[in-house]
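J.: input23.txt is the file, holding compact mmCIF, C-alpha atoms:
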# COMPACT_ATOMS: atom_id res chain seq x y z
CA PHE A 1 15.55 68.01 -53.58
CA ALA A 2 16.99 66.00 -56.47
CA GLU A 3 15.13 63.42 -58.56
CA SER A 4 16.29 59.89 -59.39
CA MET A 5 14.77 56.69 -60.82
CA HIS A 6 14.72 53.36 -59.01
CA GLY A 7 12.79 50.31 -60.16
CA GLY A 8 10.69 52.44 -62.51
CA ARG A 9 9.61 54.73 -59.63
CA ARG A 10 10.54 58.37 -59.37
CA LEU A 11 12.17 59.19 -56.04
CA LEU A 12 13.01 62.48 -54.39
CA TRP A 13 16.30 62.71 -52.50
CA ARG A 14 17.20 65.25 -49.89
CA GLN A 15 20.57 66.82 -50.61
CA PRO A 16 23.35 65.84 -50.29
CA ALA A 17 22.56 62.56 -52.09
CA VAL A 18 25.66 60.78 -50.74
CA LEU A 19 25.07 58.01 -48.20
CA LEU A 20 27.60 58.03 -45.39
CA ASN A 21 28.67 55.11 -43.21
CA HIS A 22 26.17 54.99 -40.38
CA SER A 23 24.24 52.46 -38.31
CA ALA A 24 21.57 52.14 -35.63
CA THR A 25 23.14 50.44 -32.63
CA ILE A 26 21.95 48.90 -29.36
CA VAL A 27 23.94 50.18 -26.41
CA THR A 28 23.68 49.60 -22.66
CA ARG A 29 24.03 52.54 -20.29
CA ARG A 30 24.04 52.57 -16.47
CA THR A 31 22.44 55.68 -15.01
CA THR A 32 23.19 57.40 -11.72
CA PHE A 33 20.11 55.74 -10.25
CA GLY A 34 21.68 52.32 -10.82
CA PHE A 35 19.26 51.30 -13.56
CA VAL A 36 20.52 49.39 -16.59
CA GLU A 37 18.62 50.21 -19.75
CA ASP A 38 18.95 49.44 -23.45
CA GLU A 39 18.72 52.26 -25.94
CA ARG A 40 18.87 52.42 -29.72
CA TYR A 41 20.80 55.34 -31.13
CA VAL A 42 22.21 56.48 -34.46
CA SER A 43 25.99 56.23 -34.65
CA PHE A 44 27.71 58.21 -37.43
CA LYS A 45 31.26 57.18 -38.29
CA ASN A 46 31.48 60.19 -40.60
CA LYS A 47 29.85 63.21 -38.96
CA ARG A 48 30.47 65.73 -41.72
CA SER A 49 26.82 65.66 -42.85
CA LEU A 50 23.64 63.68 -42.43
CA PRO A 51 22.96 60.74 -44.76
CA SER A 52 20.14 61.29 -47.22
CA SER A 53 17.18 59.01 -47.76
CA PRO A 54 14.74 58.77 -50.70
CA LEU A 55 11.35 60.43 -50.31
CA TYR A 56 8.51 59.67 -52.70
CA PRO A 57 6.65 62.65 -54.21
CA SER A 58 3.50 61.55 -52.40
CA GLU A 59 5.37 61.75 -49.08
CA VAL A 60 6.72 65.21 -49.89
CA ASP A 61 3.19 66.40 -50.74
CA ILE A 62 2.00 65.28 -47.30
CA LEU A 63 4.99 66.72 -45.42
CA GLN A 64 4.84 70.10 -47.15
CA GLY A 65 1.07 70.26 -47.46
CA PRO A 66 -0.97 73.21 -46.13
CA VAL A 67 -1.47 73.47 -42.40
CA ASP A 68 -4.93 72.68 -41.04
CA LYS A 69 -5.76 76.03 -39.46
CA ASP A 70 -7.98 74.36 -36.87
CA ARG A 71 -4.87 72.59 -35.52
CA VAL A 72 -3.01 75.86 -34.91
CA ASP A 73 -2.97 77.13 -31.33
CA ILE A 74 -1.97 80.43 -29.73
CA THR A 75 -0.21 81.44 -26.53
CA LEU A 76 -1.56 84.05 -24.14
CA SER A 77 1.07 86.47 -25.47
CA GLY A 78 -0.12 86.04 -29.06
CA SER A 79 2.47 83.65 -30.56
CA ILE A 80 0.96 80.86 -32.68
CA TYR A 81 2.30 77.32 -32.62
CA LEU A 82 1.53 73.70 -33.50
CA LYS A 83 1.41 70.99 -30.87
CA GLU A 84 3.72 67.98 -30.98
CA SER A 85 0.73 65.75 -31.79
CA PHE A 86 0.30 67.61 -35.10
CA TYR A 87 3.85 66.85 -36.24
CA ARG A 88 3.50 63.20 -35.19
CA ALA A 89 0.23 62.91 -37.11
CA VAL A 90 1.77 64.31 -40.31
CA LEU A 91 4.80 62.01 -40.05
CA THR A 92 2.54 59.01 -39.47
CA GLU A 93 0.38 59.98 -42.45
CA ALA A 94 3.48 60.25 -44.65
CA PHE A 95 5.49 57.25 -43.41
CA GLY A 96 3.04 55.10 -41.46
CA SER A 97 4.76 53.26 -38.62
CA LEU A 98 8.15 53.25 -40.40
CA TRP A 99 9.51 56.42 -38.76
CA GLU A 100 11.24 56.83 -35.41
CA LEU A 101 13.26 59.45 -33.57
CA LEU A 102 16.65 58.16 -32.43
CA PRO A 103 19.33 59.96 -30.38
CA CYS A 104 22.72 60.60 -31.99
CA GLY A 105 24.69 60.64 -28.76
CA LYS A 106 24.55 61.38 -25.06
CA ALA A 107 22.93 64.41 -23.46
CA ALA A 108 25.10 67.36 -22.45
CA ARG A 109 24.67 70.29 -20.06
CA ILE A 110 25.49 73.81 -21.24
CA PRO A 111 25.94 76.51 -18.54
CA VAL A 112 23.90 79.71 -18.98
CA LYS A 113 23.38 82.79 -16.81
CA LYS A 114 20.47 81.29 -14.88
CA GLY A 115 21.07 77.57 -14.50
CA GLU A 116 21.90 75.24 -17.39
CA VAL A 117 20.43 73.93 -20.64
CA LEU A 118 20.21 70.20 -21.23
CA VAL A 119 20.76 69.36 -24.92
CA ARG A 120 20.78 66.19 -26.99
CA GLU A 121 20.94 65.58 -30.72
CA PHE A 122 18.36 63.38 -32.46
CA ALA A 123 17.86 62.02 -35.97
CA LEU A 124 14.51 61.32 -37.60
CA CYS A 125 14.79 57.95 -39.35
CA VAL A 126 12.52 56.25 -41.87
CA GLU A 127 13.10 52.52 -42.36
CA GLY A 128 16.41 52.93 -40.55
CA GLN A 129 17.61 55.78 -42.80
CA PRO A 130 18.12 59.27 -41.25
CA ILE A 131 16.30 62.01 -43.16
CA ALA A 132 16.52 64.95 -40.73
CA GLN A 133 18.50 65.97 -37.68
CA ALA A 134 17.86 68.45 -34.84
CA THR A 135 18.91 69.21 -31.27
CA GLY A 136 16.50 69.01 -28.37
CA ALA A 137 16.99 71.51 -25.55
CA VAL A 138 15.44 71.80 -22.08
CA PRO A 139 16.27 74.71 -19.71
CA LEU A 140 17.17 73.73 -16.15
CA SER A 141 16.69 76.04 -13.20
CA ALA A 142 19.36 76.50 -10.54
CA GLU A 143 17.40 74.19 -8.21
CA GLU A 144 17.14 71.49 -10.87
CA VAL A 145 20.85 71.74 -11.63
CA GLN A 146 21.69 71.00 -8.00
CA SER A 147 19.25 68.08 -7.86
CA ASP A 148 20.50 64.56 -8.60
CA ARG A 149 17.33 63.91 -10.61
CA THR A 150 18.24 66.34 -13.41
CA LEU A 151 19.49 63.63 -15.77
CA TRP A 152 18.81 63.29 -19.49
CA ARG A 153 16.59 60.30 -18.66
CA HIS A 154 14.35 62.46 -16.47
CA PHE A 155 13.83 65.03 -19.28
CA ASP A 156 14.01 62.60 -22.19
CA TRP A 157 10.41 63.19 -23.32
CA GLU A 158 10.87 66.98 -23.43
CA LEU A 159 14.15 66.64 -25.32
CA ARG A 160 12.53 64.33 -27.87
CA GLY A 161 9.54 66.60 -28.34
CA HIS A 162 11.71 69.66 -28.97
CA ALA A 163 13.95 67.77 -31.39
CA LEU A 164 10.95 66.27 -33.19
CA LYS A 165 9.64 69.74 -33.99
CA GLY A 166 13.07 70.75 -35.30
CA CYS A 167 13.23 67.70 -37.57
CA ALA A 168 9.70 68.37 -38.78
CA TRP A 169 10.62 71.93 -39.73
CA CYS A 170 13.63 70.60 -41.65
CA LEU A 171 11.18 68.56 -43.73
CA GLY A 172 8.87 71.55 -44.27
CA ILE A 173 6.10 70.52 -41.89
CA GLY A 174 4.13 73.47 -40.53
CA THR A 175 6.57 76.14 -41.68
CA GLU A 176 3.63 78.34 -42.72
CA ILE A 177 3.17 79.51 -39.14
CA SER A 178 6.45 81.44 -39.39
CA ASP A 179 5.00 83.59 -42.20
CA PRO A 180 3.88 86.99 -40.78
CA ASP A 181 1.01 87.19 -43.28
CA PHE A 182 -0.25 83.78 -42.19
CA VAL A 183 -0.04 84.83 -38.52
CA ILE A 184 -2.04 88.04 -39.11
CA GLN A 185 -4.70 86.26 -41.16
CA TRP A 186 -5.02 83.39 -38.69
CA ARG A 187 -5.38 85.75 -35.71
CA ARG A 188 -8.15 87.68 -37.47
CA SER A 189 -10.09 84.52 -38.28
CA TYR A 190 -9.42 82.16 -35.37
CA ALA A 191 -8.40 84.20 -32.30
CA ARG A 192 -9.18 87.32 -30.33
CA GLU A 193 -7.34 89.69 -28.00
CA ILE A 194 -9.18 90.50 -24.78
CA HIS A 195 -8.49 92.41 -21.58
CA VAL A 196 -8.58 90.43 -18.35
CA GLU A 197 -8.21 90.93 -14.61
CA ASN A 198 -6.77 88.55 -12.03
CA THR A 199 -9.54 87.92 -9.49
CA MET A 200 -6.97 87.26 -6.74
CA THR A 201 -4.45 90.06 -7.24
CA GLY A 202 -6.36 92.61 -9.32
CA LEU A 203 -3.65 92.60 -11.98
CA LYS A 204 -4.89 93.66 -15.43
CA ARG A 205 -3.42 92.71 -18.77
CA ALA A 206 -4.17 91.90 -22.40
CA MET A 207 -4.46 88.27 -23.43
CA TRP A 208 -4.82 86.32 -26.68
CA LEU A 209 -7.23 83.38 -26.82
CA LYS A 210 -8.50 81.06 -29.51
CA ASP A 211 -12.14 81.66 -30.44
CA GLY A 212 -14.49 79.83 -28.11
CA ILE A 213 -11.86 79.40 -25.36
CA PRO A 214 -12.61 81.25 -22.06
CA PRO A 215 -9.84 82.93 -20.02
CA PRO A 216 -8.01 80.53 -17.68
CA LYS A 217 -8.62 80.90 -13.97
CA PRO A 218 -8.11 83.11 -12.02
CA TRP A 219 -8.49 85.55 -14.94
CA LYS A 220 -11.81 87.07 -16.01
CA GLU A 221 -12.62 89.19 -19.06
CA ILE A 222 -13.25 92.89 -18.48
CA LYS A 223 -13.63 96.06 -20.51
CA LYS A 224 -10.44 98.03 -20.97
CA ARG A 225 -10.23 100.70 -18.26
CA TRP A 226 -6.54 101.58 -18.18
Could I get this file's structure written as structure tokens?
T.:
Amino acid sequence: FAESMHGGRRLLWRQPAVLLNHSATIVTRRTTFGFVEDERYVSFKNKRSLPSSPLYPSEVDILQGPVDKDRVDITLSGSIYLKESFYRAVLTEAFGSLWELLPCGKAARIPVKKGEVLVREFALCVEGQPIAQATGAVPLSAEEVQSDRTLWRHFDWELRGHALKGCAWCLGIGTEISDPDFVIQWRRSYAREIHVENTMTGLKRAMWLKDGIPPPKPWKEIKKRW
């Protein structure tokens, strides 16, 4: 960050502090389904880097503030994460209703070994000024690739959610959960590892759960016997 003064107020700028020629445009696209829809997107005439936008110190304090440990969740395999609602809540607390996530172009399909990956770039804008940029990605199975319904419009919500988390990390929101020490401490205080058995197949495995959360069906907790 770099500091500057404007109207007697101290502002924080994300580097580089050089505004490029950009605009938010209304475009009309016709999908394969025959629908005509209007969509706002960010159009960069100079794509060398993202334009910067001023952030007040109070906004930075909110964005990079400590993570509420009660909002952290954990997967069955033991990886901790924050839900999309957490990032939206922090952005709303920092910017109110002045922020929005806008696409920077059309969606594209990238072939992989098993199917394809649908990707689309998004920019997080505050009062029409981009402050962060990230790419949303959604894996497509071989069946979905062959289906006519696998369009960017069908997966738009998933693409936006993935890109929103990327933009939030660029601004420093929730980056604590990537710290190994934070992960170890959080697991000890807020989660537990148990051994479970599938009541239908008899399969046994270890599973991580947040304190107070029972195993999902058809799993039941057992004592370790293997």
J.: Env of range 211-214 of chain A: 12 Å cut, atoms = only C-alpha atoms, seq-sep filter 6 positions within chain, self excluded. Answer as a PDB file with C-alpha atoms, in the frame of the given file.
T.:
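And here is the file that came out, out-v1.pdb:
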ATOM      1  CA  ASP A  70      -7.980  74.360 -36.870  1.00  0.00           C
ATOM      2  CA  VAL A  72      -3.010  75.860 -34.910  1.00  0.00           C
ATOM      3  CA  ASP A  73      -2.970  77.130 -31.330  1.00  0.00           C
ATOM      4  CA  ILE A  74      -1.970  80.430 -29.730  1.00  0.00           C
ATOM      5  CA  THR A  75      -0.210  81.440 -26.530  1.00  0.00           C
ATOM      6  CA  LEU A  76      -1.560  84.050 -24.140  1.00  0.00           C
ATOM      7  CA  TRP A 186      -5.020  83.390 -38.690  1.00  0.00           C
ATOM      8  CA  ARG A 187      -5.380  85.750 -35.710  1.00  0.00           C
ATOM      9  CA  ARG A 188      -8.150  87.680 -37.470  1.00  0.00           C
ATOM     10  CA  SER A 189     -10.090  84.520 -38.280  1.00  0.00           C
ATOM     11  CA  TYR A 190      -9.420  82.160 -35.370  1.00  0.00           C
ATOM     12  CA  ALA A 191      -8.400  84.200 -32.300  1.00  0.00           C
ATOM     13  CA  ARG A 192      -9.180  87.320 -30.330  1.00  0.00           C
ATOM     14  CA  GLU A 193      -7.340  89.690 -28.000  1.00  0.00           C
ATOM     15  CA  ILE A 194      -9.180  90.500 -24.780  1.00  0.00           C
ATOM     16  CA  HIS A 195      -8.490  92.410 -21.580  1.00  0.00           C
ATOM     17  CA  VAL A 196      -8.580  90.430 -18.350  1.00  0.00           C
ATOM     18  CA  LYS A 220     -11.810  87.070 -16.010  1.00  0.00           C
ATOM     19  CA  GLU A 221     -12.620  89.190 -19.060  1.00  0.00           C
TER      20      GLU A 221
END
J.: Given all atoms listed in the file as the basis, pick out the residue of A:Leu82, A:Leu98, A:Leu91, A:Leu55 nearest to Ile177 in chain A.
T.: A:Leu82
J.: Residues near range 84-89 of chain A, anyone? I mean within 8 Å using all atoms listed in the file, not counting same-chain ones fewer than 5 positions away, as a JSON list (two decimals) with C-alpha atoms, in the coordinates of the input.
T.:
[["chain", "number", "residue", "atom", "x", "y", "z"],
["A", 71, "ARG", "CA", -4.87, 72.59, -35.52],
["A", 161, "GLY", "CA", 9.54, 66.60, -28.34],
["A", 164, "LEU", "CA", 10.95, 66.27, -33.19],
["A", 165, "LYS", "CA", 9.64, 69.74, -33.99],
["A", 168, "ALA", "CA", 9.70, 68.37, -38.78],
["A", 173, "ILE", "CA", 6.10, 70.52, -41.89],
["A", 174, "GLY", "CA", 4.13, 73.47, -40.53]]
J.: Which residue gives the smallest distance to Asp61 in chain A among A:Val126, A:Cys170, A:Val90, A:Leu102, with only C-alpha atoms counted?
T.: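 Checking each of A:Val126, A:Cys170, A:Val90, A:Leu102 against Asp61 in chain A, counting only C-alpha atoms, the winner is A:Val90.
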J.: Could you work out how far CA of Phe95 in chain A lies from CA of Glu59 in chain A, giving the answer in Å with one decimal?
T.: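 Taking CA of Glu59 in chain A and CA of Phe95 in chain A, their separation equals 7.2 Å.
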J.: Can you work out which one of A:Arg109, A:Arg120, A:Lys114, A:Lys210 has the shortest atom-to-atom distance to Arg160 in chain A, counting all atoms listed in the file?
T.: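 Comparing A:Arg109, A:Arg120, A:Lys114, A:Lys210 against Arg160 in chain A, the winner is A:Arg120.
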J.: What is the distance between CA of Tyr56 in chain A and CA of Cys167 in chain A, in Å to one decimal?
T.: 17.8 Å
J.: Looking at A:Ala132, A:Cys125, A:Ile62, A:Leu140, which one is nearest to Ile110 in chain A, with distances taken over all atoms listed in the file?
T.: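 The closest residue to Ile110 in chain A is A:Leu140.
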J.: Work out how far CA of Ala134 in chain A is from CA of Glu93 in chain A, in Å to one decimal.
T.: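 CA of Ala134 in chain A lies at a distance of 20.9 Å from CA of Glu93 in chain A.
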J.: Between A:Met207, A:Ala137, A:Ile131, A:Ala108, which residue has the minimum interatomic distance to Ser79 in chain A, considering only C-alpha atoms?
T.: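 Using only C-alpha atoms, the shortest distance to Ser79 in chain A belongs to A:Met207.
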J.: Which one is closest to Gly105 in chain A: A:Glu158, A:Glu197, A:Glu127, A:Glu121? Count only C-alpha atoms.
T.: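 Selected residue with least distance to Gly105 in chain A: A:Glu121.
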